[in-house]
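Asks: Compact mmCIF, C-alpha atoms, saved as work.txt, coming up:
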```
# COMPACT_ATOMS: atom_id res chain seq x y z
CA MET A 218 106.50 104.64 70.38
CA ASP A 219 105.93 107.83 68.39
CA ASP A 220 107.45 110.43 70.74
CA ALA A 221 106.27 113.37 68.64
CA ALA A 222 102.68 112.11 68.54
CA LEU A 223 102.65 111.59 72.31
CA ARG A 224 103.98 115.10 72.93
CA ALA A 225 101.42 116.51 70.53
CA TRP A 226 98.66 114.79 72.49
CA PHE A 227 99.91 116.38 75.72
CA ASP A 228 100.34 119.77 74.06
CA GLU A 229 96.73 119.69 72.88
CA ARG A 230 95.40 118.67 76.30
CA THR A 231 97.49 121.33 78.00
CA ALA A 232 96.27 124.03 75.63
CA ARG A 233 92.67 123.09 76.49
CA HIS A 234 93.48 123.20 80.22
CA GLU A 235 92.71 119.48 80.48
CA PHE A 236 96.23 118.67 81.60
CA SER A 237 98.44 120.61 83.99
CA GLY A 238 101.32 118.68 85.47
CA VAL A 239 104.12 116.25 84.68
CA ALA A 240 104.08 112.84 83.03
CA LEU A 241 106.92 110.36 83.14
CA ALA A 242 107.65 106.90 81.77
CA TRP A 243 110.67 105.39 83.54
CA ARG A 244 112.64 102.26 82.77
CA ASP A 245 116.19 101.01 83.31
CA GLY A 246 116.81 103.66 85.95
CA GLY A 247 115.99 106.70 83.82
CA PRO A 248 113.27 108.51 81.86
CA ALA A 249 112.05 106.98 78.62
CA PHE A 250 109.58 109.83 78.16
CA SER A 251 108.84 112.98 80.11
CA TYR A 252 106.50 115.91 79.70
CA ALA A 253 105.76 119.04 81.72
CA GLY A 254 103.00 121.50 80.89
CA GLY A 255 100.70 124.03 82.47
CA LEU A 256 101.20 126.53 85.28
CA ALA A 257 102.53 125.79 88.74
CA HIS A 258 101.17 129.14 89.93
CA ARG A 259 98.54 130.92 87.91
CA GLY A 260 98.83 134.29 89.61
CA HIS A 261 102.57 134.59 89.03
CA GLY A 262 102.55 132.76 85.69
CA VAL A 263 105.09 130.17 86.87
CA PRO A 264 105.39 127.28 84.39
CA ILE A 265 105.55 123.66 85.46
CA THR A 266 108.91 121.96 84.85
CA ASP A 267 110.24 118.48 85.55
CA ARG A 268 111.55 119.82 88.88
CA THR A 269 108.14 121.04 90.04
CA ARG A 270 106.90 119.35 93.19
CA PHE A 271 103.29 118.24 93.64
CA ALA A 272 101.05 117.11 96.44
CA ILE A 273 100.53 113.41 95.71
CA ALA A 274 97.35 112.68 97.72
CA SER A 275 96.87 108.96 98.45
CA VAL A 276 100.01 107.87 96.63
CA THR A 277 101.43 108.71 100.07
CA LYS A 278 99.92 105.45 101.34
CA MET A 279 102.59 103.42 99.53
CA ILE A 280 105.31 105.23 101.46
CA THR A 281 103.46 104.99 104.77
CA ALA A 282 102.96 101.24 104.32
CA THR A 283 106.58 100.68 103.31
CA THR A 284 107.71 102.58 106.40
CA ILE A 285 105.73 100.27 108.69
CA LEU A 286 106.99 97.21 106.82
CA ARG A 287 110.54 98.45 107.39
CA LEU A 288 109.77 98.54 111.11
CA VAL A 289 108.44 94.99 110.80
CA ASP A 290 111.73 94.01 109.17
CA ARG A 291 113.55 95.57 112.12
CA GLY A 292 111.55 93.52 114.58
CA LEU A 293 109.86 96.55 116.18
CA VAL A 294 106.35 95.34 115.39
CA GLU A 295 104.50 92.42 113.83
CA LEU A 296 101.77 92.59 111.22
CA SER A 297 99.62 90.42 113.48
CA GLN A 298 100.15 92.66 116.51
CA PRO A 299 96.95 94.10 118.05
CA LEU A 300 96.68 97.86 117.72
CA VAL A 301 95.58 98.18 121.35
CA GLU A 302 99.09 97.05 122.30
CA ILE A 303 100.63 99.90 120.29
CA LEU A 304 98.38 102.96 120.30
CA PRO A 305 97.97 105.04 123.46
CA GLU A 306 94.46 104.82 124.87
CA ALA A 307 93.69 108.41 123.87
CA GLN A 308 94.40 107.53 120.22
CA ARG A 309 92.15 104.47 120.01
CA PRO A 310 88.81 104.93 118.22
CA VAL A 311 85.87 103.57 120.20
CA ALA A 312 85.35 100.87 117.54
CA LEU A 313 88.90 99.55 117.94
CA THR A 314 89.05 96.07 119.49
CA ALA A 315 91.74 93.61 120.48
CA ALA A 316 91.12 91.86 117.13
CA HIS A 317 92.33 94.84 115.06
CA THR A 318 95.92 94.43 113.89
CA VAL A 319 98.51 96.31 111.85
CA HIS A 320 97.65 93.97 108.96
CA HIS A 321 94.05 95.21 108.94
CA LEU A 322 95.13 98.84 108.58
CA LEU A 323 97.59 98.32 105.73
CA SER A 324 95.23 96.04 103.80
CA HIS A 325 92.06 98.14 104.34
CA THR A 326 90.29 95.24 106.02
CA SER A 327 89.78 96.85 109.45
CA GLY A 328 86.04 97.32 109.09
CA LEU A 329 86.41 100.77 110.65
CA ARG A 330 84.36 103.67 109.36
CA ASP A 331 86.04 106.45 107.35
CA TYR A 332 86.07 110.10 108.29
CA HIS A 333 84.46 111.09 104.97
CA ASP A 334 82.37 109.58 102.20
CA ASP A 335 84.55 108.58 99.24
CA GLU A 336 81.49 108.45 96.98
CA ASP A 337 80.62 112.09 97.66
CA PRO A 338 83.27 114.55 96.40
CA ASN A 339 81.83 117.29 98.61
CA SER A 340 82.14 115.19 101.76
CA PHE A 341 85.89 115.77 102.14
CA ILE A 342 85.63 119.54 101.71
CA ALA A 343 82.70 119.69 104.16
CA LEU A 344 84.97 118.28 106.90
CA TRP A 345 86.72 121.60 107.21
CA ASP A 346 83.52 123.26 108.38
CA ARG A 347 83.96 121.12 111.50
CA ILE A 348 87.71 121.53 111.93
CA PRO A 349 89.50 124.34 110.05
CA THR A 350 92.19 123.02 107.73
CA TYR A 351 94.85 125.13 109.42
CA HIS A 352 94.27 123.19 112.65
CA VAL A 353 95.00 119.84 110.99
CA ARG A 354 98.76 119.51 111.17
CA ARG A 355 99.33 116.14 112.86
CA PRO A 356 97.62 112.75 112.36
CA VAL A 357 96.12 113.03 115.85
CA ASP A 358 94.26 116.14 114.66
CA VAL A 359 92.18 113.96 112.30
CA LEU A 360 91.05 111.59 115.08
CA PRO A 361 88.05 113.70 116.20
CA LEU A 362 86.54 113.18 112.74
CA PHE A 363 86.16 109.41 113.21
CA ALA A 364 87.15 108.39 116.76
CA ASP A 365 83.53 108.12 117.96
CA LEU A 366 82.12 106.35 114.88
CA PRO A 367 80.91 102.73 115.08
CA ALA A 368 82.56 100.06 112.97
CA VAL A 369 81.07 98.96 109.66
CA ARG A 370 81.95 95.30 110.17
CA ARG A 371 84.34 93.02 112.04
CA PRO A 372 88.02 93.16 111.05
CA GLY A 373 89.10 90.86 108.24
CA GLN A 374 85.63 90.32 106.80
CA ALA A 375 85.99 92.44 103.68
CA PHE A 376 88.15 94.95 101.84
CA GLN A 377 86.97 98.55 102.02
CA TYR A 378 89.21 101.48 101.15
CA VAL A 379 89.25 103.72 104.23
CA ASP A 380 91.57 106.71 104.63
CA ALA A 381 91.22 106.51 108.41
CA ASN A 382 93.17 103.24 108.34
CA PHE A 383 96.27 105.11 107.25
CA VAL A 384 95.76 107.96 109.69
CA LEU A 385 95.99 105.26 112.35
CA ALA A 386 98.98 103.72 110.53
CA GLY A 387 100.80 107.02 110.93
CA LEU A 388 99.98 107.05 114.63
CA VAL A 389 101.31 103.49 114.87
CA ILE A 390 104.62 104.63 113.37
CA GLU A 391 104.82 107.49 115.87
CA ALA A 392 104.00 105.22 118.81
CA LEU A 393 106.61 102.66 117.79
CA ALA A 394 109.40 105.12 116.97
CA GLY A 395 108.63 107.94 119.39
CA ARG A 396 109.04 110.43 116.53
CA ARG A 397 106.93 112.06 113.86
CA TRP A 398 105.82 109.59 111.22
CA GLU A 399 107.27 111.70 108.40
CA ASP A 400 110.70 111.79 110.08
CA VAL A 401 110.66 108.00 110.29
CA ALA A 402 109.58 107.77 106.64
CA ALA A 403 112.41 110.09 105.65
CA GLU A 404 114.95 107.91 107.43
CA GLU A 405 113.56 104.57 106.33
CA ILE A 406 112.36 105.33 102.78
CA LEU A 407 113.14 108.76 101.38
CA GLY A 408 116.84 108.70 102.18
CA PRO A 409 117.57 105.14 101.01
CA ALA A 410 115.57 105.70 97.81
CA ALA A 411 117.33 109.03 97.05
CA MET A 412 114.05 110.95 97.15
CA ALA A 413 115.56 114.35 97.93
CA ASP A 414 112.50 116.30 96.72
CA THR A 415 109.94 114.39 98.79
CA ALA A 416 108.70 115.51 102.21
CA VAL A 417 105.76 116.48 104.37
CA GLU A 418 105.68 120.27 104.53
CA ALA A 419 103.05 122.73 105.73
CA ILE A 420 101.34 124.67 102.96
CA ASP A 421 101.81 127.94 104.83
CA ASP A 422 105.56 127.33 104.95
CA GLU A 423 105.52 127.80 101.16
CA PRO A 424 107.36 124.61 100.17
CA ALA A 425 109.98 125.14 97.48
CA ARG A 426 108.82 124.57 93.89
CA LEU A 427 105.39 123.30 94.98
CA ALA A 428 102.67 123.58 92.37
CA THR A 429 99.53 125.24 93.68
CA GLY A 430 96.53 122.93 93.35
CA TYR A 431 93.50 124.24 91.45
CA VAL A 432 89.97 122.95 91.91
CA THR A 433 88.30 122.35 88.55
CA ASP A 434 84.73 123.40 87.87
CA ASP A 435 82.59 124.42 84.90
CA GLY A 436 83.96 127.95 84.80
CA PRO A 437 86.92 129.32 82.83
CA ALA A 438 90.31 127.86 83.67
CA ASP A 439 91.80 131.22 84.59
CA ARG A 440 89.22 131.61 87.36
CA ARG A 441 89.74 128.26 89.08
CA ARG A 442 90.19 128.52 92.83
CA SER A 443 93.28 127.24 94.60
CA ASN A 444 92.86 124.38 97.05
CA VAL A 445 94.41 126.22 100.01
CA PHE A 446 91.14 125.99 102.01
CA SER A 447 90.29 122.46 100.83
CA VAL A 448 93.21 120.35 102.10
CA THR A 449 94.91 119.96 105.46
CA ALA A 450 97.71 122.35 106.40
CA ASN A 451 100.15 119.43 106.55
CA GLY A 452 100.22 116.23 104.58
CA MET A 453 98.92 113.21 106.49
CA PRO A 454 99.96 109.54 106.40
CA ASP A 455 96.87 108.79 104.31
CA GLY A 456 97.68 111.50 101.77
CA GLY A 457 99.29 114.84 101.06
CA MET A 458 103.03 114.21 100.86
CA ILE A 459 104.91 116.43 98.39
CA SER A 460 107.08 114.81 95.72
CA THR A 461 108.24 114.80 92.10
CA ALA A 462 107.64 112.28 89.34
CA THR A 463 111.34 111.35 89.33
CA ASP A 464 111.39 110.76 93.08
CA LEU A 465 108.37 108.46 92.86
CA ALA A 466 109.97 106.51 90.01
CA ARG A 467 113.09 106.13 92.14
CA TYR A 468 110.95 104.91 95.01
CA VAL A 469 109.37 102.21 92.83
CA ASP A 470 112.84 101.18 91.55
CA SER A 471 114.08 100.84 95.12
CA LEU A 472 110.97 98.95 96.21
CA VAL A 473 110.76 96.38 93.42
CA GLY A 474 114.56 96.15 93.34
CA GLY A 475 114.52 94.79 96.89
CA ARG A 476 116.45 97.69 98.40
CA LEU A 477 113.76 98.71 100.89
CA LEU A 478 112.16 95.49 102.13
CA SER A 479 113.17 91.91 102.75
CA PRO A 480 111.94 89.47 100.07
CA PRO A 481 109.12 88.06 102.26
CA LEU A 482 107.73 91.48 103.11
CA LEU A 483 108.07 92.78 99.54
CA ALA A 484 106.13 89.71 98.40
CA ALA A 485 103.48 90.35 101.05
CA MET A 486 103.13 94.01 100.12
CA THR A 487 102.60 93.21 96.45
CA ARG A 488 100.11 90.36 96.70
CA PRO A 489 96.39 90.60 97.55
CA GLN A 490 95.82 90.80 101.29
CA GLY A 491 92.04 90.88 101.47
CA PRO A 492 89.62 87.96 101.47
CA PRO A 493 89.73 85.80 98.29
CA SER A 494 88.54 87.80 95.30
CA THR A 495 88.26 87.62 91.52
CA ASP A 496 88.33 91.41 91.15
CA LEU A 497 90.65 92.88 88.54
CA GLU A 498 91.91 95.43 91.07
CA GLN A 499 92.87 94.23 94.53
CA TYR A 500 94.91 95.64 97.39
CA GLY A 501 98.17 94.54 98.97
CA TYR A 502 99.77 96.53 101.76
CA GLY A 503 99.46 100.18 100.79
CA CYS A 504 99.28 99.53 97.06
CA TRP A 505 96.74 98.71 94.40
CA LEU A 506 97.33 95.59 92.32
CA VAL A 507 96.06 94.59 88.90
CA VAL A 508 95.47 90.83 89.05
CA GLU A 509 95.03 88.90 85.79
CA ASP A 510 94.46 85.14 85.81
CA GLY A 511 95.72 85.01 89.37
CA ALA A 512 98.96 86.88 88.64
CA VAL A 513 99.80 90.45 89.67
CA THR A 514 100.78 92.44 86.56
CA ILE A 515 100.71 96.07 87.76
CA ILE A 516 101.39 97.62 91.16
CA GLY A 517 100.94 101.24 92.16
CA HIS A 518 98.51 103.75 93.59
CA GLY A 519 96.31 106.64 92.60
CA GLY A 520 95.48 109.79 94.46
CA GLY A 521 92.90 112.52 94.29
CA ASP A 522 92.26 115.54 96.48
CA PRO A 523 90.72 118.90 95.67
CA GLY A 524 93.27 120.35 93.25
CA VAL A 525 95.30 117.12 93.02
CA SER A 526 95.29 114.15 90.64
CA ALA A 527 98.10 111.57 90.76
CA ARG A 528 98.88 108.11 89.37
CA VAL A 529 101.75 105.67 89.79
CA ALA A 530 101.67 102.40 87.84
CA HIS A 531 104.55 99.94 87.61
CA HIS A 532 104.24 97.28 84.90
CA LEU A 533 106.14 94.33 86.32
CA ALA A 534 106.87 92.36 83.15
CA ALA A 535 108.03 95.43 81.22
CA GLY A 536 109.97 96.94 84.13
CA THR A 537 108.32 100.26 83.33
CA THR A 538 106.87 102.82 85.74
CA ILE A 539 104.41 105.50 84.68
CA VAL A 540 104.00 108.52 86.97
CA VAL A 541 101.55 111.35 86.32
CA LEU A 542 101.13 114.25 88.76
CA CYS A 543 98.65 117.06 88.19
CA ASN A 544 97.91 120.28 90.07
CA GLN A 545 94.22 120.09 89.22
CA ASP A 546 91.82 117.37 90.25
CA ARG A 547 91.59 115.69 86.87
CA GLY A 548 93.91 114.63 84.07
CA SER A 549 96.14 111.91 85.49
CA TRP A 550 94.06 108.92 84.37
CA ALA A 551 93.83 110.04 80.76
CA ALA A 552 97.55 110.79 80.64
CA THR A 553 98.37 107.42 82.19
CA ARG A 554 96.26 105.66 79.59
CA GLN A 555 97.88 107.57 76.73
CA ILE A 556 101.42 106.73 77.85
CA THR A 557 100.46 103.12 78.49
CA GLU A 558 99.17 102.74 74.94
CA ALA A 559 102.09 104.67 73.40
CA PHE A 560 104.57 102.26 75.04
CA GLY A 561 102.62 99.20 73.91
CA LEU A 562 101.80 98.21 77.47
CA ALA A 563 98.60 96.53 78.60
CA ASP A 564 96.32 97.84 81.32
CA PRO A 565 92.96 96.08 81.44
CA ARG A 566 91.38 98.69 83.73
CA LYS A 567 88.78 100.96 82.17
CA ILE A 568 90.66 104.22 82.55
CA PRO A 569 88.35 107.22 82.05
CA ILE A 570 89.16 109.95 79.54
CA SER A 571 88.93 112.87 82.00
```
Take the structure in the file and give it back as structure tokens.
Replies:
Amino acid sequence: MDDAALRAWFDERTARHEFSGVALAWRDGGPAFSYAGGLAHRGHGVPITDRTRFAIASVTKMITATTILRLVDRGLVELSQPLVEILPEAQRPVALTAAHTVHHLLSHTSGLRDYHDDEDPNSFIALWDRIPTYHVRRPVDVLPLFADLPAVRRPGQAFQYVDANFVLAGLVIEALAGRRWEDVAAEEILGPAAMADTAVEAIDDEPARLATGYVTDDGPADRRRSNVFSVTANGMPDGGMISTATDLARYVDSLVGGRLLSPPLLAAMTRPQGPPSTDLEQYGYGCWLVVEDGAVTIIGHGGGDPGVSARVAHHLAAGTTIVVLCNQDRGSWAATRQITEAFGLADPRKIPIS
């Protein structure tokens, strides 16, 4: 790897405002490459450093899923357990049936309808015309957005990525533990994995060292709006946790090192859980998988919210984790691709330039 050439690539992207964030390649328990560039707060001119914390959008799903699997390991719940046996009646969407299980939530095979349209980038922002973002502080606050919607299909029939599944997963954790889902995650995952900079914190509490997210558009970079009115006040179990690149690398180390889950549950989390498929990308429990010739080669997750772009990719054979966190809603895919190529790793996905 040509370290100077890789840094020059990041410097050029940062100067053009095409990258603002941190990038990390991690192996053998430490950084093999790290970069930080851009501004954590434009108004105050605060630069991003390797200690800057970022909202990580749907990368949160990996931690939510691992938390539930820890509860499975403890015998508090089974993956095959019907959700109607766990969730209070007031927290059950009308489409929920006795056939829906914990497995269906974590594998995105519930057949439930989402609370926004993933294909329409304006759909998520439009939600907050119905419920102001500052009112969305607990998972139960998201329920009105999808509780009355009919199902798309019967559970188990097909994989479909649905954020609402993980809103319900957070409510499952709270019902089982009798505590906030993020407190359970902190005890079960964040503490054991030494993730001291990771938490769910309200935006209006001004979390320490948090990079402000900026929504990209066609205008000049110095006029980009912050995402304060475009994301929920608190992070949710389907997305919005705050973390650092180092913390997420430590999480992956702890996960694949067998320090968080029993071998059977780790194996279940990191193998395809949907109906049989030949797709290059498939889903386990709370994580995306790259499957080549029937073998899983990469595990991880991506995330995107207004003002947020995040990627985590762990290359199993090379024992290398790539983490890219951005405080604008583009840049992480291109950076992930560049680091992947610089380290001589293979990723068969067509990663876009932007």
Asks: Would you kindly return, as a list in words, each protein, DNA or RNA residue with an atom no farther than 8 Å from any atom of Ile406 of chain A, considering all atoms listed in the file and excluding same-chain residues fewer than 2 positions away?
Replies: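 The neighbour list is Ile280, Thr283, Thr284, Ala402, Ala403, Glu404, Gly408, Pro409, Ala410, Tyr468 and Leu477 of chain A.
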Asks: Could you jot down the atom CA of Phe363 of chain A to atom CA of Ile285 of chain A separation for me, Å, one decimal place?
Replies: 22.1 Å
Asks: Which residues are close to Asp464 of chain A, i.e. within 7 Å by only C-alpha atoms, leaving aside same-chain residues fewer than 2 positions away? Reply as an NGL selection string.
Replies: :A and (412 or 414-415 or 460-462 or 466-468)
Asks: Residues as selected, C-alpha atoms, written as a compact mmCIF listing (two decimals), in the frame of the given file, can you do that?
Replies:
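Printed below is out_12.txt as written:
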```txt
# COMPACT_ATOMS: atom_id res chain seq x y z
CA MET A 412 114.05 110.95 97.15
CA ASP A 414 112.50 116.30 96.72
CA THR A 415 109.94 114.39 98.79
CA SER A 460 107.08 114.81 95.72
CA THR A 461 108.24 114.80 92.10
CA ALA A 462 107.64 112.28 89.34
CA ALA A 466 109.97 106.51 90.01
CA ARG A 467 113.09 106.13 92.14
CA TYR A 468 110.95 104.91 95.01
```
Asks: Please, which residues are within 12 Å of (82.8, 100.6, 112.4) by the file's coordinates, counting only C-alpha atoms, and could they come as a list in words?
Replies: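 Checking each residue against the 12 Å limit leaves Pro310, Val311, Ala312, Leu313, Thr314, His317, Thr326, Ser327, Gly328, Leu329, Arg330, Asp331, Tyr332, Phe363, Ala364, Asp365, Leu366, Pro367, Ala368, Val369, Arg370, Arg371, Pro372, Gln377, Val379, Ala381 and Asn382 of chain A.
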Asks: Please identify all polymer residues within 10 Å of Gly517 of chain A, counting all atoms listed in the file, omitting same-chain residues fewer than 5 positions from it, and present them as an NGL selection string.
Replies: :A and (276 or 279 or 469 or 487 or 500-501 or 503-507 or 528-532 or 538-540)
Asks: Got a sec: who's within 12 Å of Leu385 of chain A, counting all atoms listed in the file, leaving out chain neighbours fewer than 4 positions off, as an MDAnalysis selection string?
Replies: chainID A and resid 278 281:282 285 300:301 303:305 308:310 313 317:323 325 327 329 331:332 355:360 363:364 379:381 389:392 398 453:455
Asks: Find the distance between atom CA of Ser549 of chain A and atom CA of Ser526 of chain A and write it in Å to one decimal.
Replies: 5.7 Å
Asks: Between atom CA of Thr266 of chain A and atom CA of Val525 of chain A, what is the spacing in Å?
Replies: 16.6 Å
Asks: Using all atoms listed in the file, find the one residue out of A:Trp550, A:Phe383, A:Trp243, A:Trp226 that sits nearest to Ser275 of chain A.
Replies: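 Smallest separation from Ser275 of chain A among the options: A:Phe383.
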Asks: With all atoms listed in the file as the atoms that count, which of A:Ala315, A:Asp267, A:Ile459, A:Ser237 lies nearest to Ala413 of chain A?
Replies: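 Among the listed residues, A:Ile459 lies closest to Ala413 of chain A.
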